[in-house]
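Working notes, structure below.
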Amino acid sequence: MDLREMRYIIELAKTKHMTHAANNLYISQPALYKSIRKVESELDTTLFYKKGNELLPTDTGKIVIENSQNILKMATHMENAITATKNLNQGEVRIGFTSVVGTIYLPDLLVRFKEKYPNIQLRITNTTYHEVNTALHSGSLDLAVMTTPFPDTTLSGQPLVNFSM
């Protein structure tokens, strides 16, 4: 059973009519019927029974409906979180720095970053050059602020401040 089929089952339970559910889902009634029968076959059980003009969920159907609603809520939550992260509305950036560089230049950069991206959490680590380099390679840091020249050619860098003497 996939998310689409879960939506079908929930809509059928809500409307209690195959035709009404199909109309609300913008699919044909035979397509909805076939999809429900496919799920029932996969689960080897009946999800709905007919009572008068209505289709009502069986006890098993009620379990499937409740769990489908929970799964769809989680899927929606995940999609929203992914969208927010892609749009830089939430997330976390892990930054490492060495003492000299961090204490002089990082405060101003962090203030400007937080103004532009207020919902991004910053995790900041003050450590040694060697530990920053190791953390970058292991993936436990996203960014490092360090002095140049930076001898590790496997990483790329971007100057933040340039001094001319």
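Convention: chains lettered A, B, ... in structure tokens order; per-chain residue numbering from 1; ligands numbered from 1 as shown.
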
Exercise: segment 140-145 of chain A partners within 8 Å, only C-alpha atoms, chain neighbours under 5 positions left out, as a VMD selection string: chain A and resid 93 to 98 101 to 102 106 132 135

With only C-alpha atoms as the counted atoms, please give the residues lying no more than 12 Å from Arg7 of chain A, apart from itself and same-chain residues fewer than 5 positions off, as a short mmCIF file (atom, residue, chain, number, x, y, z; two decimals) with all heavy atoms, in the first residue's frame.
```
data_model
loop_
_atom_site.label_atom_id
_atom_site.label_comp_id
_atom_site.auth_asym_id
_atom_site.auth_seq_id
_atom_site.Cartn_x
_atom_site.Cartn_y
_atom_site.Cartn_z
N MET A 1 0.84 -1.17 0.00
CA MET A 1 0.00 0.00 0.00
C MET A 1 0.90 1.24 0.00
O MET A 1 1.86 1.32 0.75
CB MET A 1 -0.88 -0.05 1.26
CG MET A 1 -1.69 1.17 1.46
SD MET A 1 -2.86 1.16 2.87
CE MET A 1 -2.47 -0.24 3.83
N ASP A 2 0.57 2.19 -0.85
CA ASP A 2 1.35 3.42 -0.91
C ASP A 2 0.53 4.60 -0.38
O ASP A 2 -0.63 4.44 0.01
CB ASP A 2 1.87 3.67 -2.33
CG ASP A 2 0.77 3.83 -3.36
OD1 ASP A 2 -0.36 4.21 -2.99
OD2 ASP A 2 1.04 3.60 -4.56
N LEU A 12 -12.62 7.44 1.15
CA LEU A 12 -13.77 6.54 1.09
C LEU A 12 -14.42 6.43 2.47
O LEU A 12 -15.65 6.44 2.60
CB LEU A 12 -13.37 5.16 0.55
CG LEU A 12 -14.50 4.15 0.40
CD1 LEU A 12 -15.63 4.69 -0.47
CD2 LEU A 12 -13.96 2.84 -0.17
N ALA A 13 -13.62 6.35 3.50
CA ALA A 13 -14.16 6.28 4.86
C ALA A 13 -14.90 7.56 5.22
O ALA A 13 -15.93 7.54 5.90
CB ALA A 13 -13.03 6.02 5.86
N LYS A 14 -14.40 8.69 4.74
CA LYS A 14 -15.01 9.98 5.04
C LYS A 14 -16.35 10.14 4.32
O LYS A 14 -17.34 10.56 4.92
CB LYS A 14 -14.05 11.11 4.63
CG LYS A 14 -14.48 12.46 5.12
CD LYS A 14 -13.53 13.62 4.85
CE LYS A 14 -12.32 13.32 4.03
NZ LYS A 14 -11.57 14.53 3.65
N ALA A 21 -16.31 9.63 -3.15
CA ALA A 21 -14.87 9.59 -2.89
C ALA A 21 -14.10 9.76 -4.19
O ALA A 21 -13.13 10.53 -4.25
CB ALA A 21 -14.48 8.29 -2.20
N ALA A 22 -14.52 9.06 -5.23
CA ALA A 22 -13.83 9.16 -6.52
C ALA A 22 -13.90 10.59 -7.05
O ALA A 22 -12.90 11.12 -7.54
CB ALA A 22 -14.45 8.18 -7.52
N ASN A 24 -14.20 13.36 -5.29
CA ASN A 24 -13.34 14.21 -4.46
C ASN A 24 -11.86 13.98 -4.76
O ASN A 24 -11.05 14.89 -4.59
CB ASN A 24 -13.61 13.95 -2.98
CG ASN A 24 -14.97 14.44 -2.54
OD1 ASN A 24 -15.66 15.15 -3.26
ND2 ASN A 24 -15.38 14.05 -1.34
N LEU A 25 -11.53 12.77 -5.18
CA LEU A 25 -10.14 12.43 -5.48
C LEU A 25 -9.77 12.71 -6.95
O LEU A 25 -8.63 12.53 -7.35
CB LEU A 25 -9.89 10.95 -5.17
CG LEU A 25 -9.97 10.57 -3.69
CD1 LEU A 25 -10.09 9.06 -3.53
CD2 LEU A 25 -8.74 11.09 -2.94
N LEU A 32 -10.93 3.84 -8.43
CA LEU A 32 -10.94 3.80 -6.97
C LEU A 32 -11.29 2.40 -6.48
O LEU A 32 -10.63 1.87 -5.58
CB LEU A 32 -11.93 4.83 -6.41
CG LEU A 32 -12.09 4.85 -4.89
CD1 LEU A 32 -10.76 5.12 -4.20
CD2 LEU A 32 -13.14 5.88 -4.48
N SER A 35 -8.38 0.11 -6.89
CA SER A 35 -7.31 0.41 -5.94
C SER A 35 -7.64 -0.15 -4.55
O SER A 35 -6.79 -0.74 -3.89
CB SER A 35 -7.10 1.92 -5.87
OG SER A 35 -6.04 2.22 -5.01
N ILE A 36 -8.88 0.03 -4.12
CA ILE A 36 -9.30 -0.50 -2.81
C ILE A 36 -9.21 -2.02 -2.81
O ILE A 36 -8.70 -2.63 -1.85
CB ILE A 36 -10.74 -0.03 -2.46
CG1 ILE A 36 -10.82 1.49 -2.37
CG2 ILE A 36 -11.23 -0.71 -1.18
CD1 ILE A 36 -10.03 2.12 -1.26
N VAL A 64 -6.57 0.30 9.54
CA VAL A 64 -5.86 0.79 8.37
C VAL A 64 -6.08 2.29 8.20
O VAL A 64 -5.14 3.05 7.93
CB VAL A 64 -6.29 0.02 7.09
CG1 VAL A 64 -5.73 0.68 5.84
CG2 VAL A 64 -5.85 -1.43 7.18
N ILE A 65 -7.30 2.76 8.41
CA ILE A 65 -7.62 4.19 8.29
C ILE A 65 -6.84 5.00 9.32
O ILE A 65 -6.19 6.00 8.98
CB ILE A 65 -9.13 4.43 8.43
CG1 ILE A 65 -9.86 3.83 7.23
CG2 ILE A 65 -9.45 5.92 8.59
CD1 ILE A 65 -11.36 3.64 7.46
N GLU A 66 -6.88 4.58 10.57
CA GLU A 66 -6.19 5.32 11.63
C GLU A 66 -4.68 5.38 11.37
O GLU A 66 -4.07 6.45 11.46
CB GLU A 66 -6.44 4.66 12.99
CG GLU A 66 -5.77 5.39 14.13
CD GLU A 66 -6.00 4.71 15.48
OE1 GLU A 66 -6.95 3.93 15.61
OE2 GLU A 66 -5.20 4.98 16.38
N ASN A 67 -4.09 4.26 11.01
CA ASN A 67 -2.65 4.25 10.74
C ASN A 67 -2.31 5.02 9.48
O ASN A 67 -1.28 5.69 9.42
CB ASN A 67 -2.13 2.81 10.68
CG ASN A 67 -2.02 2.21 12.06
OD1 ASN A 67 -1.12 2.54 12.81
ND2 ASN A 67 -2.97 1.36 12.42
N SER A 68 -3.17 4.95 8.48
CA SER A 68 -2.94 5.72 7.25
C SER A 68 -2.96 7.22 7.53
O SER A 68 -2.14 7.97 7.00
CB SER A 68 -4.00 5.38 6.19
OG SER A 68 -3.86 4.04 5.78
N GLN A 69 -3.89 7.66 8.38
CA GLN A 69 -3.94 9.07 8.75
C GLN A 69 -2.65 9.50 9.44
O GLN A 69 -2.11 10.56 9.14
CB GLN A 69 -5.15 9.34 9.66
CG GLN A 69 -6.47 9.25 8.93
CD GLN A 69 -7.67 9.26 9.86
OE1 GLN A 69 -7.61 8.81 11.00
NE2 GLN A 69 -8.80 9.74 9.35
N ASN A 70 -2.15 8.66 10.35
CA ASN A 70 -0.90 8.98 11.04
C ASN A 70 0.27 9.02 10.07
O ASN A 70 1.12 9.92 10.15
CB ASN A 70 -0.63 7.96 12.15
CG ASN A 70 -1.61 8.08 13.29
OD1 ASN A 70 -2.19 9.13 13.52
ND2 ASN A 70 -1.83 6.99 14.00
N ILE A 71 0.34 8.07 9.17
CA ILE A 71 1.43 8.02 8.19
C ILE A 71 1.39 9.24 7.27
O ILE A 71 2.42 9.86 6.99
CB ILE A 71 1.39 6.70 7.38
CG1 ILE A 71 1.76 5.53 8.30
CG2 ILE A 71 2.30 6.77 6.16
CD1 ILE A 71 1.47 4.16 7.71
N LEU A 72 0.20 9.61 6.82
CA LEU A 72 0.08 10.78 5.94
C LEU A 72 0.45 12.07 6.67
O LEU A 72 1.05 12.97 6.08
CB LEU A 72 -1.33 10.88 5.37
CG LEU A 72 -1.67 9.82 4.31
CD1 LEU A 72 -3.14 9.89 3.92
CD2 LEU A 72 -0.78 9.95 3.09
N LYS A 73 0.13 12.17 7.97
CA LYS A 73 0.55 13.33 8.75
C LYS A 73 2.07 13.39 8.83
O LYS A 73 2.67 14.46 8.68
CB LYS A 73 -0.04 13.28 10.16
CG LYS A 73 -1.49 13.67 10.24
CD LYS A 73 -2.00 13.55 11.67
CE LYS A 73 -3.51 13.69 11.71
NZ LYS A 73 -4.06 13.41 13.05
N ALA A 75 4.20 12.04 6.71
CA ALA A 75 4.72 12.33 5.38
C ALA A 75 4.60 13.82 5.07
O ALA A 75 5.54 14.42 4.52
CB ALA A 75 3.97 11.50 4.33
#
```

Residue nearest Lys16 of chain A among A:Val39, A:Ala31, A:Leu56, A:Met78 (counting only C-alpha atoms): A:Leu56

Those of chain A in DSSP strand (DSSP E), formatted as a VMD selection string: chain A and resid 48 to 51 54 to 57 91 to 97 120 to 126 143 to 145

I need the residues from that last selection saved to file as a PDB file, in the first residue's frame (with N, CA and C atoms), if you can.
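File produced: part_1.pdb:
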```pdb
ATOM      1  N   PHE A  48     -13.916  -2.538   3.878  1.00  0.00           N
ATOM      2  CA  PHE A  48     -15.219  -1.891   3.939  1.00  0.00           C
ATOM      3  C   PHE A  48     -16.315  -2.920   3.704  1.00  0.00           C
ATOM      4  N   TYR A  49     -17.466  -2.674   4.321  1.00  0.00           N
ATOM      5  CA  TYR A  49     -18.647  -3.495   4.058  1.00  0.00           C
ATOM      6  C   TYR A  49     -19.803  -2.557   3.733  1.00  0.00           C
ATOM      7  N   LYS A  50     -20.757  -3.100   3.002  1.00  0.00           N
ATOM      8  CA  LYS A  50     -21.891  -2.282   2.559  1.00  0.00           C
ATOM      9  C   LYS A  50     -23.037  -2.398   3.565  1.00  0.00           C
ATOM     10  N   LYS A  51     -23.546  -1.238   3.971  1.00  0.00           N
ATOM     11  CA  LYS A  51     -24.711  -1.184   4.851  1.00  0.00           C
ATOM     12  C   LYS A  51     -25.664  -0.158   4.248  1.00  0.00           C
ATOM     13  N   GLU A  54     -24.357   2.896   2.110  1.00  0.00           N
ATOM     14  CA  GLU A  54     -23.053   3.356   2.573  1.00  0.00           C
ATOM     15  C   GLU A  54     -22.019   2.232   2.622  1.00  0.00           C
ATOM     16  N   LEU A  55     -20.758   2.624   2.463  1.00  0.00           N
ATOM     17  CA  LEU A  55     -19.632   1.729   2.688  1.00  0.00           C
ATOM     18  C   LEU A  55     -19.004   2.117   4.025  1.00  0.00           C
ATOM     19  N   LEU A  56     -18.964   1.188   4.945  1.00  0.00           N
ATOM     20  CA  LEU A  56     -18.445   1.453   6.281  1.00  0.00           C
ATOM     21  C   LEU A  56     -17.197   0.611   6.510  1.00  0.00           C
ATOM     22  N   PRO A  57     -16.249   1.126   7.285  1.00  0.00           N
ATOM     23  CA  PRO A  57     -15.027   0.358   7.521  1.00  0.00           C
ATOM     24  C   PRO A  57     -15.263  -0.830   8.455  1.00  0.00           C
ATOM     25  N   GLY A  91      17.037  24.495   9.929  1.00  0.00           N
ATOM     26  CA  GLY A  91      18.196  23.629   9.762  1.00  0.00           C
ATOM     27  C   GLY A  91      19.299  24.034  10.716  1.00  0.00           C
ATOM     28  N   GLU A  92      20.457  23.489  10.465  1.00  0.00           N
ATOM     29  CA  GLU A  92      21.592  23.731  11.346  1.00  0.00           C
ATOM     30  C   GLU A  92      22.859  23.813  10.508  1.00  0.00           C
ATOM     31  N   VAL A  93      23.736  24.733  10.873  1.00  0.00           N
ATOM     32  CA  VAL A  93      25.049  24.848  10.250  1.00  0.00           C
ATOM     33  C   VAL A  93      26.075  24.689  11.362  1.00  0.00           C
ATOM     34  N   ARG A  94      27.003  23.770  11.152  1.00  0.00           N
ATOM     35  CA  ARG A  94      28.051  23.502  12.144  1.00  0.00           C
ATOM     36  C   ARG A  94      29.340  24.182  11.684  1.00  0.00           C
ATOM     37  N   ILE A  95      29.828  25.114  12.499  1.00  0.00           N
ATOM     38  CA  ILE A  95      30.989  25.921  12.138  1.00  0.00           C
ATOM     39  C   ILE A  95      32.108  25.672  13.143  1.00  0.00           C
ATOM     40  N   GLY A  96      33.306  25.444  12.626  1.00  0.00           N
ATOM     41  CA  GLY A  96      34.475  25.317  13.482  1.00  0.00           C
ATOM     42  C   GLY A  96      35.426  26.465  13.202  1.00  0.00           C
ATOM     43  N   PHE A  97      36.159  26.896  14.229  1.00  0.00           N
ATOM     44  CA  PHE A  97      37.116  27.973  14.025  1.00  0.00           C
ATOM     45  C   PHE A  97      38.261  27.829  15.011  1.00  0.00           C
ATOM     46  N   ILE A 120      17.845  29.436  11.151  1.00  0.00           N
ATOM     47  CA  ILE A 120      18.926  28.463  11.029  1.00  0.00           C
ATOM     48  C   ILE A 120      19.694  28.460  12.348  1.00  0.00           C
ATOM     49  N   GLN A 121      19.847  27.279  12.918  1.00  0.00           N
ATOM     50  CA  GLN A 121      20.605  27.146  14.167  1.00  0.00           C
ATOM     51  C   GLN A 121      22.092  27.028  13.844  1.00  0.00           C
ATOM     52  N   LEU A 122      22.910  27.712  14.609  1.00  0.00           N
ATOM     53  CA  LEU A 122      24.358  27.649  14.428  1.00  0.00           C
ATOM     54  C   LEU A 122      24.964  26.882  15.596  1.00  0.00           C
ATOM     55  N   ARG A 123      25.783  25.895  15.262  1.00  0.00           N
ATOM     56  CA  ARG A 123      26.543  25.180  16.286  1.00  0.00           C
ATOM     57  C   ARG A 123      28.007  25.528  16.048  1.00  0.00           C
ATOM     58  N   ILE A 124      28.604  26.224  16.998  1.00  0.00           N
ATOM     59  CA  ILE A 124      29.941  26.782  16.815  1.00  0.00           C
ATOM     60  C   ILE A 124      30.922  26.066  17.724  1.00  0.00           C
ATOM     61  N   THR A 125      32.073  25.683  17.138  1.00  0.00           N
ATOM     62  CA  THR A 125      33.110  24.969  17.876  1.00  0.00           C
ATOM     63  C   THR A 125      34.427  25.716  17.769  1.00  0.00           C
ATOM     64  N   ASN A 126      35.027  26.028  18.894  1.00  0.00           N
ATOM     65  CA  ASN A 126      36.339  26.666  18.947  1.00  0.00           C
ATOM     66  C   ASN A 126      37.354  25.568  19.257  1.00  0.00           C
ATOM     67  N   LEU A 143      31.452  23.983   7.932  1.00  0.00           N
ATOM     68  CA  LEU A 143      32.215  25.160   7.553  1.00  0.00           C
ATOM     69  C   LEU A 143      33.294  25.402   8.593  1.00  0.00           C
ATOM     70  N   ALA A 144      34.417  25.910   8.147  1.00  0.00           N
ATOM     71  CA  ALA A 144      35.488  26.281   9.075  1.00  0.00           C
ATOM     72  C   ALA A 144      35.973  27.677   8.727  1.00  0.00           C
ATOM     73  N   VAL A 145      36.293  28.453   9.756  1.00  0.00           N
ATOM     74  CA  VAL A 145      36.870  29.776   9.569  1.00  0.00           C
ATOM     75  C   VAL A 145      38.287  29.682  10.107  1.00  0.00           C
TER      76      VAL A 145
END
```

DSSP alpha helix (DSSP H) selection over segment 32-134 of chain A, as a ChimeraX atom specification: /A:32-43,59-86,99-116,129-134

Write the residues you've just listed into a file as a CSV table (one decimal), in the first residue's frame, and include C-alpha atoms for each of them.
```csv
chain,number,residue,atom,x,y,z
A,32,LEU,CA,-10.9,3.8,-7.0
A,33,TYR,CA,-12.7,0.5,-6.7
A,34,LYS,CA,-9.8,-1.3,-8.3
A,35,SER,CA,-7.3,0.4,-5.9
A,36,ILE,CA,-9.3,-0.5,-2.8
A,37,ARG,CA,-9.6,-4.1,-4.0
A,38,LYS,CA,-5.8,-4.2,-4.6
A,39,VAL,CA,-5.1,-3.1,-1.1
A,40,GLU,CA,-7.6,-5.6,0.4
A,41,SER,CA,-5.9,-8.3,-1.7
A,42,GLU,CA,-2.5,-7.3,-0.4
A,43,LEU,CA,-3.7,-7.3,3.2
A,59,ASP,CA,-12.6,-3.4,12.3
A,60,THR,CA,-9.5,-4.0,10.1
A,61,GLY,CA,-10.5,-1.1,7.9
A,62,LYS,CA,-10.6,1.2,11.0
A,63,ILE,CA,-7.1,0.1,11.9
A,64,VAL,CA,-5.9,0.8,8.4
A,65,ILE,CA,-7.6,4.2,8.3
A,66,GLU,CA,-6.2,5.3,11.6
A,67,ASN,CA,-2.7,4.2,10.7
A,68,SER,CA,-2.9,5.7,7.2
A,69,GLN,CA,-3.9,9.1,8.7
A,70,ASN,CA,-0.9,9.0,11.0
A,71,ILE,CA,1.4,8.0,8.2
A,72,LEU,CA,0.1,10.8,5.9
A,73,LYS,CA,0.6,13.3,8.7
A,74,MET,CA,4.2,12.2,9.1
A,75,ALA,CA,4.7,12.3,5.4
A,76,THR,CA,3.3,15.9,5.2
A,77,HIS,CA,5.5,16.9,8.2
A,78,MET,CA,8.6,15.4,6.4
A,79,GLU,CA,7.7,17.2,3.2
A,80,ASN,CA,7.3,20.5,5.0
A,81,ALA,CA,10.6,20.1,6.8
A,82,ILE,CA,12.4,19.3,3.6
A,83,THR,CA,10.9,22.3,1.9
A,84,ALA,CA,11.8,24.6,4.9
A,85,THR,CA,15.4,23.3,4.9
A,86,LYS,CA,15.8,23.7,1.1
A,99,SER,CA,40.8,30.9,18.5
A,100,VAL,CA,42.5,33.9,16.7
A,101,VAL,CA,40.3,33.9,13.7
A,102,GLY,CA,37.1,33.2,15.5
A,103,THR,CA,37.4,35.9,18.2
A,104,ILE,CA,38.3,38.6,15.7
A,105,TYR,CA,36.2,38.0,12.7
A,106,LEU,CA,33.4,35.5,13.5
A,107,PRO,CA,31.2,37.7,15.8
A,108,ASP,CA,30.3,40.2,13.0
A,109,LEU,CA,29.8,37.4,10.4
A,110,LEU,CA,27.5,35.5,12.8
A,111,VAL,CA,25.4,38.5,13.6
A,112,ARG,CA,24.9,39.2,9.8
A,113,PHE,CA,24.1,35.5,9.2
A,114,LYS,CA,21.5,35.4,12.0
A,115,GLU,CA,19.8,38.6,10.6
A,116,LYS,CA,19.5,37.0,7.2
A,129,TYR,CA,43.6,23.7,13.4
A,130,HIS,CA,44.1,19.9,13.3
A,131,GLU,CA,40.7,19.2,14.9
A,132,VAL,CA,38.9,21.5,12.5
A,133,ASN,CA,40.6,19.9,9.6
A,134,THR,CA,39.7,16.4,10.9
```

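If you look at atom CA of Asp44 of chain A and atom CA of Ser28 of chain A, they are 24.1 Å away from each other.
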